[in-house]
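Colleague: Below is data_19.txt; it holds compact mmCIF, C-alpha atoms.
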# COMPACT_ATOMS: atom_id res chain seq x y z
CA MET O 128 -32.75 -34.72 -4.75
CA GLY O 129 -34.53 -36.18 -1.72
CA GLY O 130 -34.25 -35.01 1.85
CA VAL O 131 -31.80 -37.74 2.88
CA GLU O 132 -29.65 -37.19 -0.20
CA THR O 133 -29.69 -33.44 0.35
CA ASN O 134 -28.60 -33.82 3.97
CA THR O 135 -25.87 -36.23 2.94
CA ARG O 136 -24.61 -33.82 0.29
CA LEU O 137 -24.71 -30.92 2.73
CA ALA O 138 -22.62 -32.92 5.18
CA ASP O 139 -20.17 -33.79 2.41
CA LEU O 140 -19.84 -30.14 1.43
CA LYS O 141 -19.23 -29.15 5.05
CA ASP O 142 -16.47 -31.76 5.31
CA ILE O 143 -14.90 -30.61 2.03
CA ILE O 144 -14.91 -26.93 3.05
CA GLN O 145 -13.41 -27.68 6.46
CA LEU O 146 -10.86 -30.13 5.07
CA GLU O 147 -9.71 -27.74 2.36
CA GLY O 148 -9.40 -25.02 4.99
CA GLU O 149 -7.01 -27.28 6.90
CA VAL O 150 -5.08 -28.02 3.69
CA ILE O 151 -4.73 -24.29 3.01
CA ALA O 152 -3.51 -23.64 6.56
CA ARG O 153 -0.83 -26.35 6.25
CA ALA O 154 0.29 -24.99 2.86
CA GLN O 155 0.53 -21.48 4.30
CA ALA O 156 2.67 -22.81 7.15
CA ARG O 157 5.06 -24.43 4.67
CA GLN O 158 5.25 -21.21 2.67
CA LEU O 159 6.01 -19.17 5.79
CA ARG O 160 8.76 -21.58 6.82
CA ALA O 161 10.29 -21.23 3.34
CA ILE O 162 10.10 -17.42 3.56
CA ALA O 163 11.80 -17.52 6.96
CA GLU O 164 14.59 -19.71 5.59
CA LEU O 165 15.08 -17.41 2.59
CA ASP O 166 15.14 -14.45 4.96
CA ASN O 167 17.83 -16.09 7.11
CA LEU O 168 19.94 -17.10 4.11
CA GLN O 169 19.94 -13.48 2.90
CA GLY O 170 20.82 -12.13 6.34
CA ARG O 171 17.42 -10.52 6.82
CA SER O 172 18.17 -8.06 4.05
CA ARG O 173 15.76 -5.18 3.51
CA GLY O 174 15.39 -6.47 -0.02
CA VAL O 175 13.66 -9.70 1.07
CA PRO O 176 10.15 -8.19 1.41
CA VAL O 177 10.56 -6.54 -1.98
CA GLU O 178 11.47 -9.83 -3.64
CA ILE O 179 8.63 -11.68 -1.90
CA ALA O 180 6.24 -9.01 -3.19
CA TRP O 181 7.45 -9.56 -6.72
CA MET O 182 7.43 -13.36 -6.41
CA LEU O 183 3.85 -13.46 -5.18
CA ASN O 184 2.54 -10.34 -6.96
CA LEU O 185 1.72 -8.65 -3.65
CA VAL O 186 1.86 -5.01 -2.68
CA GLU O 187 4.98 -4.48 -0.61
CA HIS O 188 3.43 -3.69 2.73
CA LYS O 189 1.59 -7.03 2.60
CA ALA O 190 4.79 -8.82 1.62
CA ALA O 191 6.61 -7.13 4.50
CA LYS O 192 3.90 -8.33 6.87
CA LYS O 193 4.28 -11.85 5.52
CA VAL O 194 8.05 -11.79 6.08
CA ALA O 195 7.58 -10.39 9.60
CA LEU O 196 5.03 -13.11 10.36
CA ALA O 197 7.40 -15.80 9.08
CA ARG O 198 10.17 -14.48 11.32
CA THR O 199 7.91 -14.34 14.36
CA LEU O 200 6.34 -17.76 13.94
CA THR O 201 9.69 -19.50 13.50
CA THR O 202 11.38 -17.80 16.45
CA ARG O 203 8.84 -16.66 19.07
CA LEU O 204 5.47 -18.28 18.38
CA LEU O 205 6.34 -21.91 17.72
CA GLU O 206 3.07 -23.21 19.19
CA THR O 207 1.09 -20.98 16.85
CA LEU O 208 3.09 -22.28 13.90
CA LYS O 209 2.43 -25.86 15.03
CA ALA O 210 -1.28 -25.04 15.08
CA MET O 211 -1.03 -23.88 11.46
CA GLU O 212 0.82 -27.03 10.49
CA GLY O 213 -1.96 -29.02 12.16
CA GLY O 214 -4.62 -27.16 10.17
CA VAL O 215 -6.15 -25.61 13.29
CA ILE O 216 -5.65 -21.95 12.26
CA ASP O 217 -4.72 -20.26 9.01
CA GLU O 218 -2.33 -17.39 8.24
CA GLU O 219 -4.89 -14.67 8.96
CA LYS O 220 -5.58 -16.04 12.43
CA ALA O 221 -1.87 -16.56 13.13
CA ALA O 222 -1.30 -12.91 12.28
CA LYS O 223 -3.91 -11.88 14.87
CA ILE O 224 -1.68 -13.52 17.47
CA ALA O 225 1.64 -12.34 16.05
CA GLU O 226 0.84 -8.66 15.56
CA PRO O 227 -0.15 -7.74 19.15
CA THR O 228 2.71 -9.80 20.64
CA ALA O 229 5.31 -8.03 18.49
CA TYR O 230 5.85 -5.50 21.29
CA LEU O 231 6.59 -8.15 23.92
CA SER O 232 9.94 -9.57 24.94
CA ASP O 233 10.71 -13.05 23.59
CA GLU O 234 9.99 -14.55 27.00
CA LYS O 235 6.58 -12.92 27.37
CA ALA O 236 5.66 -13.59 23.74
CA ARG O 237 6.33 -17.29 24.28
CA GLU O 238 4.23 -17.19 27.45
CA VAL O 239 1.27 -15.77 25.53
CA ASP O 240 1.93 -18.30 22.74
CA ALA O 241 1.70 -21.19 25.21
CA ILE O 242 -1.53 -19.87 26.73
CA MET O 243 -3.15 -19.29 23.34
CA ALA O 244 -2.19 -22.76 22.08
CA ARG O 245 -4.93 -24.22 24.28
CA ARG O 246 -7.55 -21.70 23.14
CA LEU O 247 -7.36 -21.61 19.35
CA GLN O 248 -10.00 -24.12 18.32
CA GLY O 249 -13.21 -22.61 16.97
CA LYS O 250 -12.13 -18.97 17.24
CA ASN O 251 -12.52 -16.39 14.46
CA PRO O 252 -9.80 -13.76 13.82
CA SER O 253 -11.56 -11.01 15.77
CA SER O 254 -12.10 -13.12 18.87
CA LEU O 255 -8.51 -14.35 18.71
CA ARG O 256 -7.14 -10.82 18.66
CA LYS O 257 -9.29 -9.76 21.60
CA MET O 258 -8.16 -12.80 23.57
CA VAL O 259 -4.48 -12.16 22.77
CA ASN O 260 -4.76 -8.55 23.89
CA TYR O 261 -6.40 -9.67 27.12
CA TRP O 262 -3.50 -11.98 27.96
CA ILE O 263 -0.94 -9.38 26.92
CA ALA O 264 -2.56 -6.87 29.28
CA LYS O 265 -2.45 -9.44 32.11
CA ILE O 266 1.11 -10.64 31.51
CA ASP O 267 2.68 -7.26 30.69
CA LYS O 268 0.59 -4.74 32.64
CA ALA O 269 3.12 -1.90 32.79
CA GLY O 270 4.21 -2.38 29.20
CA TYR O 271 0.63 -2.46 27.95
CA GLU O 272 -0.19 0.82 29.68
CA ALA O 273 2.97 2.45 28.33
CA ARG O 274 2.18 1.30 24.80
CA CYS O 275 -1.34 2.71 25.06
CA LYS O 276 0.14 6.09 25.94
CA ALA O 277 2.72 5.85 23.14
CA ARG O 278 0.07 4.80 20.64
CA ARG O 279 -1.85 7.98 21.32
CA ALA O 280 1.29 9.96 20.55
CA ASP O 281 1.64 8.00 17.29
CA ARG O 282 -1.57 9.35 15.79
CA GLN O 283 -1.48 9.69 12.02
CA LEU O 284 -3.46 10.26 8.85
CA GLN O 285 -3.22 8.05 5.76
CA LEU O 286 -4.42 8.50 2.19
CA ILE O 287 -5.38 5.23 0.47
CA HIS O 288 -6.32 5.37 -3.21
CA GLN O 289 -9.32 3.31 -4.31
CA ASP O 290 -10.90 2.50 -7.69
CA HIS O 291 -13.24 4.67 -9.77
CA GLY O 292 -11.83 8.04 -8.84
CA MET O 293 -12.13 7.68 -5.07
CA SER O 294 -9.73 7.74 -2.11
CA THR O 295 -10.04 6.82 1.56
CA LEU O 296 -8.73 8.91 4.45
CA VAL O 297 -7.79 6.86 7.52
CA ALA O 298 -7.06 8.66 10.77
CA ASP O 299 -5.57 6.93 13.83
CA VAL O 300 -6.58 9.15 16.73
CA PRO O 301 -7.38 8.76 20.45
CA VAL O 302 -10.69 6.95 20.75
CA GLU O 303 -12.53 9.70 22.58
CA LYS O 304 -11.49 12.33 20.02
CA GLY O 305 -12.31 10.08 17.10
CA SER O 306 -15.74 9.36 18.53
CA ALA O 307 -16.36 13.03 19.26
CA ALA O 308 -15.30 14.04 15.73
CA TYR O 309 -17.55 11.44 14.13
CA HIS O 310 -20.58 12.41 16.19
CA SER O 311 -19.99 16.10 15.51
CA ILE O 312 -19.87 15.42 11.76
CA ASP O 313 -22.90 13.14 12.04
CA ARG O 314 -24.92 15.83 13.83
CA GLU O 315 -24.09 18.37 11.13
CA ALA O 316 -24.98 15.89 8.39
CA ARG O 317 -28.33 15.13 10.01
CA LYS O 318 -29.11 18.87 10.28
CA ARG O 319 -28.59 19.17 6.52
CA LYS O 320 -30.72 16.11 5.70
CA THR O 321 -33.88 18.02 4.93
CA LYS O 322 -36.65 16.95 2.58
CA ASP O 323 -35.02 18.99 -0.20
CA GLU O 324 -31.58 17.38 0.27
CA SER O 325 -31.00 14.54 -2.19
CA ARG O 326 -27.68 13.38 -0.67
CA THR O 327 -27.67 10.40 1.66
CA LEU O 328 -26.41 10.68 5.23
CA ASP O 329 -23.21 8.85 4.24
CA GLN O 330 -22.62 11.33 1.42
CA LEU O 331 -23.34 14.27 3.71
CA ARG O 332 -20.96 13.01 6.40
CA ALA O 333 -18.19 12.63 3.81
CA ASP O 334 -18.88 16.11 2.39
CA VAL O 335 -18.91 17.73 5.83
CA LEU O 336 -15.56 16.12 6.67
CA ILE O 337 -13.92 17.40 3.46
CA GLU O 338 -15.39 20.89 3.93
CA ARG O 339 -13.97 21.07 7.41
CA CYS O 340 -10.55 19.82 6.27
CA LEU O 341 -10.32 22.22 3.33
CA GLY O 342 -11.89 25.16 5.13
CA SER O 343 -14.52 25.71 2.46
CA SER O 344 -17.37 24.02 0.64
CA GLY O 345 -15.65 24.33 -2.72
CA GLY O 346 -13.41 21.33 -2.33
CA ASP O 347 -10.58 22.71 -4.49
CA PRO O 348 -7.34 20.88 -3.69
CA LYS O 349 -4.74 23.16 -2.10
CA ALA O 350 -1.72 20.83 -2.25
CA ASP O 351 0.35 20.00 -5.34
CA ILE O 352 -1.01 17.12 -7.40
CA TYR O 353 0.13 16.05 -10.86
CA VAL O 354 -2.42 15.28 -13.55
CA TYR O 355 -1.37 14.08 -17.01
CA VAL O 356 -3.97 14.85 -19.66
CA ASP O 357 -3.69 15.21 -23.42
CA LEU O 358 -4.62 18.51 -25.08
CA GLN O 359 -7.66 17.16 -26.96
CA THR O 360 -9.15 15.79 -23.74
CA LEU O 361 -8.37 19.02 -21.92
CA THR O 362 -10.23 21.06 -24.56
CA GLY O 363 -13.17 18.65 -24.62
CA LEU O 364 -12.56 17.27 -28.12
CA ASN O 365 -12.35 13.76 -26.66
CA ASN O 366 -12.77 12.07 -23.31
CA ASP O 367 -9.70 9.88 -22.86
CA PRO O 368 -8.83 9.13 -19.23
CA ALA O 369 -6.18 11.33 -17.63
CA GLN O 370 -3.55 10.08 -15.19
CA LEU O 371 -3.27 11.27 -11.59
CA ALA O 372 0.28 10.63 -10.35
CA GLY O 373 0.35 8.09 -7.55
CA TYR O 374 -3.20 6.92 -8.28
CA GLY O 375 -3.81 6.05 -11.93
CA PRO O 376 -6.60 6.80 -14.42
CA ILE O 377 -9.27 9.38 -13.68
CA PRO O 378 -12.18 10.37 -15.94
CA ALA O 379 -11.72 13.25 -18.36
CA THR O 380 -14.43 15.25 -16.58
CA ILE O 381 -12.56 15.14 -13.26
CA ALA O 382 -9.29 16.08 -14.99
CA ARG O 383 -10.95 19.11 -16.55
CA ASP O 384 -12.44 20.13 -13.21
CA ILE O 385 -8.98 20.01 -11.64
CA ALA O 386 -7.47 21.87 -14.60
CA HIS O 387 -9.98 24.67 -14.33
CA SER O 388 -9.45 25.08 -10.59
CA LYS O 389 -7.93 28.43 -9.64
CA ASN O 390 -5.20 26.50 -7.80
CA SER O 391 -3.88 24.68 -10.89
CA THR O 392 -0.47 25.31 -12.42
CA TRP O 393 0.28 24.14 -15.97
CA ARG O 394 3.47 22.95 -17.59
CA ARG O 395 3.87 21.99 -21.26
CA ILE O 396 4.91 18.41 -22.09
CA VAL O 397 5.53 17.28 -25.66
CA THR O 398 5.23 13.54 -26.30
CA ASP O 399 6.51 11.25 -29.02
CA PRO O 400 3.36 10.27 -30.98
CA VAL O 401 4.72 6.76 -31.62
CA ALA O 402 6.00 5.83 -28.14
CA GLY O 403 3.75 8.10 -26.10
CA LEU O 404 6.70 9.13 -23.89
CA PRO O 405 7.87 12.70 -23.21
CA VAL O 406 10.50 14.12 -25.55
CA ASP O 407 10.53 17.73 -24.34
CA VAL O 408 9.53 19.66 -21.27
CA GLY O 409 8.61 23.32 -21.55
CA ARG O 410 10.24 25.93 -19.29
CA THR O 411 7.31 27.91 -17.93
CA ARG O 412 8.50 28.76 -14.42
CA TYR O 413 10.97 31.38 -13.26
CA ARG O 414 13.17 28.93 -11.41
CA PRO O 415 12.61 25.49 -12.94
CA PRO O 416 14.61 22.46 -11.81
CA THR O 417 17.08 21.13 -14.34
CA ALA O 418 15.44 20.04 -17.57
CA LEU O 419 16.79 16.52 -17.20
CA ASP O 420 15.49 16.09 -13.66
CA ARG O 421 12.10 17.36 -14.77
CA TYR O 422 12.11 15.08 -17.80
CA ILE O 423 12.80 11.95 -15.71
CA ARG O 424 10.08 12.78 -13.21
CA LEU O 425 7.54 13.37 -15.97
CA ARG O 426 8.62 10.34 -18.00
CA ASP O 427 8.48 7.92 -15.08
CA ARG O 428 5.59 9.57 -13.18
CA GLU O 429 5.83 6.92 -10.45
CA CYS O 430 8.62 4.97 -8.74
CA ARG O 431 10.24 2.53 -11.16
CA ALA O 432 10.07 -0.43 -8.76
CA PRO O 433 7.42 -2.85 -10.07
CA GLY O 434 4.14 -2.35 -8.27
CA CYS O 435 5.09 0.90 -6.53
CA ASN O 436 2.91 3.91 -7.24
CA ARG O 437 4.68 6.62 -5.25
CA PRO O 438 4.81 9.77 -7.45
CA THR O 439 8.30 10.70 -8.67
CA GLN O 440 7.66 14.28 -7.62
CA ALA O 441 7.94 13.05 -4.02
CA GLY O 442 10.95 10.79 -4.63
CA ASP O 443 14.55 10.75 -5.82
CA ILE O 444 16.19 10.81 -9.24
CA ASP O 445 19.11 8.39 -9.16
CA HIS O 446 21.53 6.54 -11.41
CA THR O 447 20.39 3.03 -12.26
CA GLN O 448 24.04 2.27 -12.93
CA ASP O 449 26.08 3.70 -10.04
CA TRP O 450 27.96 6.91 -10.87
CA ALA O 451 31.04 5.56 -9.08
CA LYS O 452 30.99 2.51 -11.37
CA GLY O 453 30.79 4.36 -14.66
CA GLY O 454 27.16 5.40 -14.77
CA THR O 455 26.49 8.54 -16.78
CA THR O 456 24.00 11.31 -16.09
CA ASP O 457 21.54 10.94 -18.93
CA LYS O 458 17.93 9.91 -19.44
CA THR O 459 18.89 6.28 -20.17
CA ILE O 460 20.69 5.79 -16.86
CA LEU O 461 18.56 7.95 -14.59
CA GLY O 462 15.30 6.80 -13.03
CA GLY O 463 12.78 7.96 -10.50
CA TRP O 464 12.68 6.04 -7.20
CA CYS O 465 10.81 6.41 -3.94
CA GLU O 466 12.84 6.51 -0.74
CA ARG O 467 12.04 2.90 0.10
CA HIS O 468 13.30 1.46 -3.21
CA HIS O 469 16.21 3.84 -3.72
CA TYR O 470 18.53 1.65 -1.64
CA LEU O 471 17.89 -1.67 -3.43
CA LYS O 472 20.61 -1.32 -6.07
CA ASP O 473 23.20 -1.19 -3.29
CA GLN O 474 21.97 -4.38 -1.62
CA PRO O 475 23.93 -7.64 -2.14
CA GLY O 476 22.60 -9.75 -5.00
CA TRP O 477 20.49 -7.02 -6.61
CA ASN O 478 21.33 -5.88 -10.13
CA PHE O 479 19.75 -3.05 -12.14
CA GLU O 480 20.45 -2.98 -15.88
CA PRO O 481 19.22 0.07 -17.85
CA GLN O 482 18.12 -0.36 -21.47
CA PRO O 483 18.32 2.23 -24.30
CA ASN O 484 14.50 2.45 -24.51
CA GLY O 485 14.22 3.51 -20.86
CA ASN O 486 13.36 0.04 -19.53
CA ILE O 487 15.21 -1.29 -16.49
CA THR O 488 15.82 -5.01 -15.98
CA ILE O 489 16.03 -5.90 -12.29
CA THR O 490 17.58 -9.17 -11.13
CA THR O 491 16.96 -10.23 -7.53
CA PRO O 492 19.15 -12.34 -5.22
CA THR O 493 17.16 -15.50 -6.03
CA GLY O 494 17.65 -15.01 -9.77
CA GLY O 495 14.21 -13.59 -10.50
CA THR O 496 14.06 -10.97 -13.27
CA TYR O 497 11.58 -8.13 -13.57
CA THR O 498 11.30 -5.46 -16.25
CA SER O 499 10.35 -1.92 -15.30
CA LYS O 500 8.92 0.10 -18.18
CA PRO O 501 8.06 3.81 -18.18
CA GLU O 502 4.36 3.98 -18.98
CA PRO O 503 3.43 6.17 -21.97
CA LEU O 504 1.37 9.29 -21.34
CA HIS O 505 -1.06 8.19 -24.05
CA GLU O 506 -1.61 5.12 -26.21
CA PRO O 507 1.27 4.75 -28.69
CA ARG O 508 0.28 5.46 -32.28
CA GLY O 509 2.30 3.67 -34.86
In structure tokens, write the structure found in this file.

Modeller:
Amino acid sequence: MGGVETNTRLADLKDIIQLEGEVIARAQARQLRAIAELDNLQGRSRGVPVEIAWMLNLVEHKAAKKVALARTLTTRLLETLKAMEGGVIDEEKAAKIAEPTAYLSDEKAREVDAIMARRLQGKNPSSLRKMVNYWIAKIDKAGYEARCKARRADRQLQLIHQDHGMSTLVADVPVEKGSAAYHSIDREARKRKTKDESRTLDQLRADVLIERCLGSSGGDPKADIYVYVDLQTLTGLNNDPAQLAGYGPIPATIARDIAHSKNSTWRRIVTDPVAGLPVDVGRTRYRPPTALDRYIRLRDRECRAPGCNRPTQAGDIDHTQDWAKGGTTDKTILGGWCERHHYLKDQPGWNFEPQPNGNITITTPTGGTYTSKPEPLHEPRG
């Protein structure tokens, strides 16, 4: 391909990429308008984000953000929505305007919206957010200062599970303390980075952080965690993955390391070899919870709402069919639910139908159906 032809093709590709970006932005605007209308028709029910998550196969916190964005764009940030409909900005950029203005009154949010409408072209998400915060600080000086103080009081720590046996700790802390903590850890890591140390600086920083959190260099977990591992894997006769409640599969070697920790407590679980589900739970503690409660928590392992991975040990055991409406207290009717999903069966338009095999069929207000199945502890053999 000659130079002229190449330049022509490059120009064509640029036009295609930009045009398709505008098409995507317009489609996202239409989707958000539809979500807002659905939300209004259902009276802004708490079940709407859950149903959106299931419709679009999203994790729920992202679905909730999408619903919140739809509400904001159609009520407070009309100019931003118009920009999406014109292909000027996409959903990600619109969110960078919506999120910081969520703390403003309707009047001030619309003021920022009008100012930003003239400044959207050619901005990336990061620059948009900085610009929005600048105008918020100018328009709502007292409120901005108060929110900064409140934000410091709202410091928190989050645990986010990742793939391949890893997790991420995220700490929201005052900037000066976060910076000081990082540099303190970095200094210690650099001291340890001698010629005989094979770990990288990143690895050393991570190890120093965990040592400081756990108060030792051993790294043994001190809090309760639930690992499901079959006996042959535990004894080293095979290396099937184990299951860490709330996370998913972990390698057999890690499961054995956890099992052999001095902090581990064991409980016997007998499974059906065909279905792979628990059929009996051993009583190995002085004051065990009821056998049925324990059975449900071990059978379900995680919240029964599709896509939710909150461990049942941290949630509720509840009747799928309401006790007041004839539901019985047995393993067919009971299920494990996290606090967030516990309320759904009482919301208008939601229906939960238990099945004899432990499955639960969930029907949503829009008529969507989803089947929740308790996952077997090992591959069924039949």

Colleague: Select, from O:Cys435, O:Gly214, O:Glu272, O:Tyr261, the residue with the minimum atom-to-atom distance to Ile151 (chain O), counting only C-alpha atoms.

Modeller: O:Gly214

Colleague: List as JSON, numbers by chain the residues having at least one atom at most 9 Å from position (-10.0, 15.4, -13.5) as given in the file, counting only C-alpha atoms.

Modeller: {"O": [292, 354, 356, 368, 369, 370, 371, 377, 378, 379, 380, 381, 382, 383, 384, 385, 386]}

Colleague: Would you mind exporting the chosen residues as a PDB file, keeping the file's coordinate frame, restricted to C-alpha atoms?

Modeller:
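Saved result, again_24.pdb, follows:
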ATOM      1  CA  GLY O 292     -11.830   8.040  -8.840  1.00  0.00           C
ATOM      2  CA  VAL O 354      -2.420  15.280 -13.550  1.00  0.00           C
ATOM      3  CA  VAL O 356      -3.970  14.850 -19.660  1.00  0.00           C
ATOM      4  CA  PRO O 368      -8.830   9.130 -19.230  1.00  0.00           C
ATOM      5  CA  ALA O 369      -6.180  11.330 -17.630  1.00  0.00           C
ATOM      6  CA  GLN O 370      -3.550  10.080 -15.190  1.00  0.00           C
ATOM      7  CA  LEU O 371      -3.270  11.270 -11.590  1.00  0.00           C
ATOM      8  CA  ILE O 377      -9.270   9.380 -13.680  1.00  0.00           C
ATOM      9  CA  PRO O 378     -12.180  10.370 -15.940  1.00  0.00           C
ATOM     10  CA  ALA O 379     -11.720  13.250 -18.360  1.00  0.00           C
ATOM     11  CA  THR O 380     -14.430  15.250 -16.580  1.00  0.00           C
ATOM     12  CA  ILE O 381     -12.560  15.140 -13.260  1.00  0.00           C
ATOM     13  CA  ALA O 382      -9.290  16.080 -14.990  1.00  0.00           C
ATOM     14  CA  ARG O 383     -10.950  19.110 -16.550  1.00  0.00           C
ATOM     15  CA  ASP O 384     -12.440  20.130 -13.210  1.00  0.00           C
ATOM     16  CA  ILE O 385      -8.980  20.010 -11.640  1.00  0.00           C
ATOM     17  CA  ALA O 386      -7.470  21.870 -14.600  1.00  0.00           C
TER      18      ALA O 386
END

Colleague: O:Lys223, O:Arg279, O:Lys318, O:Lys235: which is nearest Ser254 (chain O), counting all atoms listed in the file?

Modeller: O:Lys223

Colleague: Would you mind reading off the distance between CA of Ala210 (chain O) and CA of Ile224 (chain O), one decimal, in Å?

Modeller: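 These two atoms are separated by 11.8 Å.
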
Colleague: One number please: CA of Ile423 (chain O) to CA of Tyr497 (chain O), in Å, one decimal.

Modeller: 20.2 Å

Colleague: In Å, rounded to a single decimal, give me how far CA of Thr295 (chain O) is from CA of Asp443 (chain O).

Modeller: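 One can read the CA of Asp443 (chain O) to CA of Thr295 (chain O) distance as 26.0 Å.
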
Colleague: Residues within 7 Å of Asp299 (chain O), please, as an MDAnalysis selection string. Count all atoms listed in the file; anything in the same chain fewer than 2 positions from it doesn't count.

Modeller: chainID O and resid 282:284 297

Colleague: Using all atoms listed in the file, can you tell me which of O:Ile216, O:Glu206, O:Glu149, O:Gln330 comes closest to Ile242 (chain O)?

Modeller: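 That would be O:Glu206, the residue with the smallest distance to Ile242 (chain O).
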
Colleague: Nearest to Arg203 (chain O) among O:Cys430, O:Ile266, O:Ala154, O:Ala236, with distances taken over only C-alpha atoms: which residue is it?

Modeller: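 Closest to Arg203 (chain O), using only C-alpha atoms: O:Ala236.
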
Colleague: Using only C-alpha atoms, can you tell me which of O:Lys320, O:Arg421, O:Glu315, O:Arg278 comes closest to Val300 (chain O)?

Modeller: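 Of O:Lys320, O:Arg421, O:Glu315, O:Arg278, the one nearest Val300 (chain O) is O:Arg278, counting only C-alpha atoms.
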
Colleague: Tell me which of O:Thr327, O:Thr498, O:Thr488, O:Thr201 sits closest to Asp166 (chain O), counting only C-alpha atoms.

Modeller: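 Closest to Asp166 (chain O), using only C-alpha atoms: O:Thr201.
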
Colleague: Got a sec: who's within 6 Å of region 424-429 of chain O, counting all atoms listed in the file, leaving out chain neighbours fewer than 6 positions off, as a PyMOL selection string?

Modeller: chain O and resi 405+436-439+501

Colleague: Could you save those same residues with C-alpha atoms as an mmCIF file, in the frame of the given file?

Modeller:
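Printed below is result.cif as written:
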data_model
loop_
_atom_site.group_PDB
_atom_site.id
_atom_site.type_symbol
_atom_site.label_atom_id
_atom_site.label_comp_id
_atom_site.auth_asym_id
_atom_site.auth_seq_id
_atom_site.Cartn_x
_atom_site.Cartn_y
_atom_site.Cartn_z
ATOM 1 C CA PRO O 405 7.870 12.700 -23.210
ATOM 2 C CA ASN O 436 2.910 3.910 -7.240
ATOM 3 C CA ARG O 437 4.680 6.620 -5.250
ATOM 4 C CA PRO O 438 4.810 9.770 -7.450
ATOM 5 C CA THR O 439 8.300 10.700 -8.670
ATOM 6 C CA PRO O 501 8.060 3.810 -18.180
#

Colleague: Using all atoms listed in the file, find all polymer residues with an atom at most 9 Å away from the point (-1.7, -2.7, 23.8); report them as a count of residues only.

Modeller: 13

Colleague: Do a neighbour search on region 183-189 of chain O at 8 Å with all atoms listed in the file, toss out local chain neighbours closer than 4 positions, and write the hits as a PyMOL selection string.

Modeller: chain O and resi 176-177+179+193+434-435

Colleague: Using C-alpha atoms, can you write the selected residues to a file as an mmCIF file, in the frame of the given file?

Modeller:
data_model
loop_
_atom_site.group_PDB
_atom_site.id
_atom_site.type_symbol
_atom_site.label_atom_id
_atom_site.label_comp_id
_atom_site.auth_asym_id
_atom_site.auth_seq_id
_atom_site.Cartn_x
_atom_site.Cartn_y
_atom_site.Cartn_z
ATOM 1 C CA PRO O 176 10.150 -8.190 1.410
ATOM 2 C CA VAL O 177 10.560 -6.540 -1.980
ATOM 3 C CA ILE O 179 8.630 -11.680 -1.900
ATOM 4 C CA LYS O 193 4.280 -11.850 5.520
ATOM 5 C CA GLY O 434 4.140 -2.350 -8.270
ATOM 6 C CA CYS O 435 5.090 0.900 -6.530
#
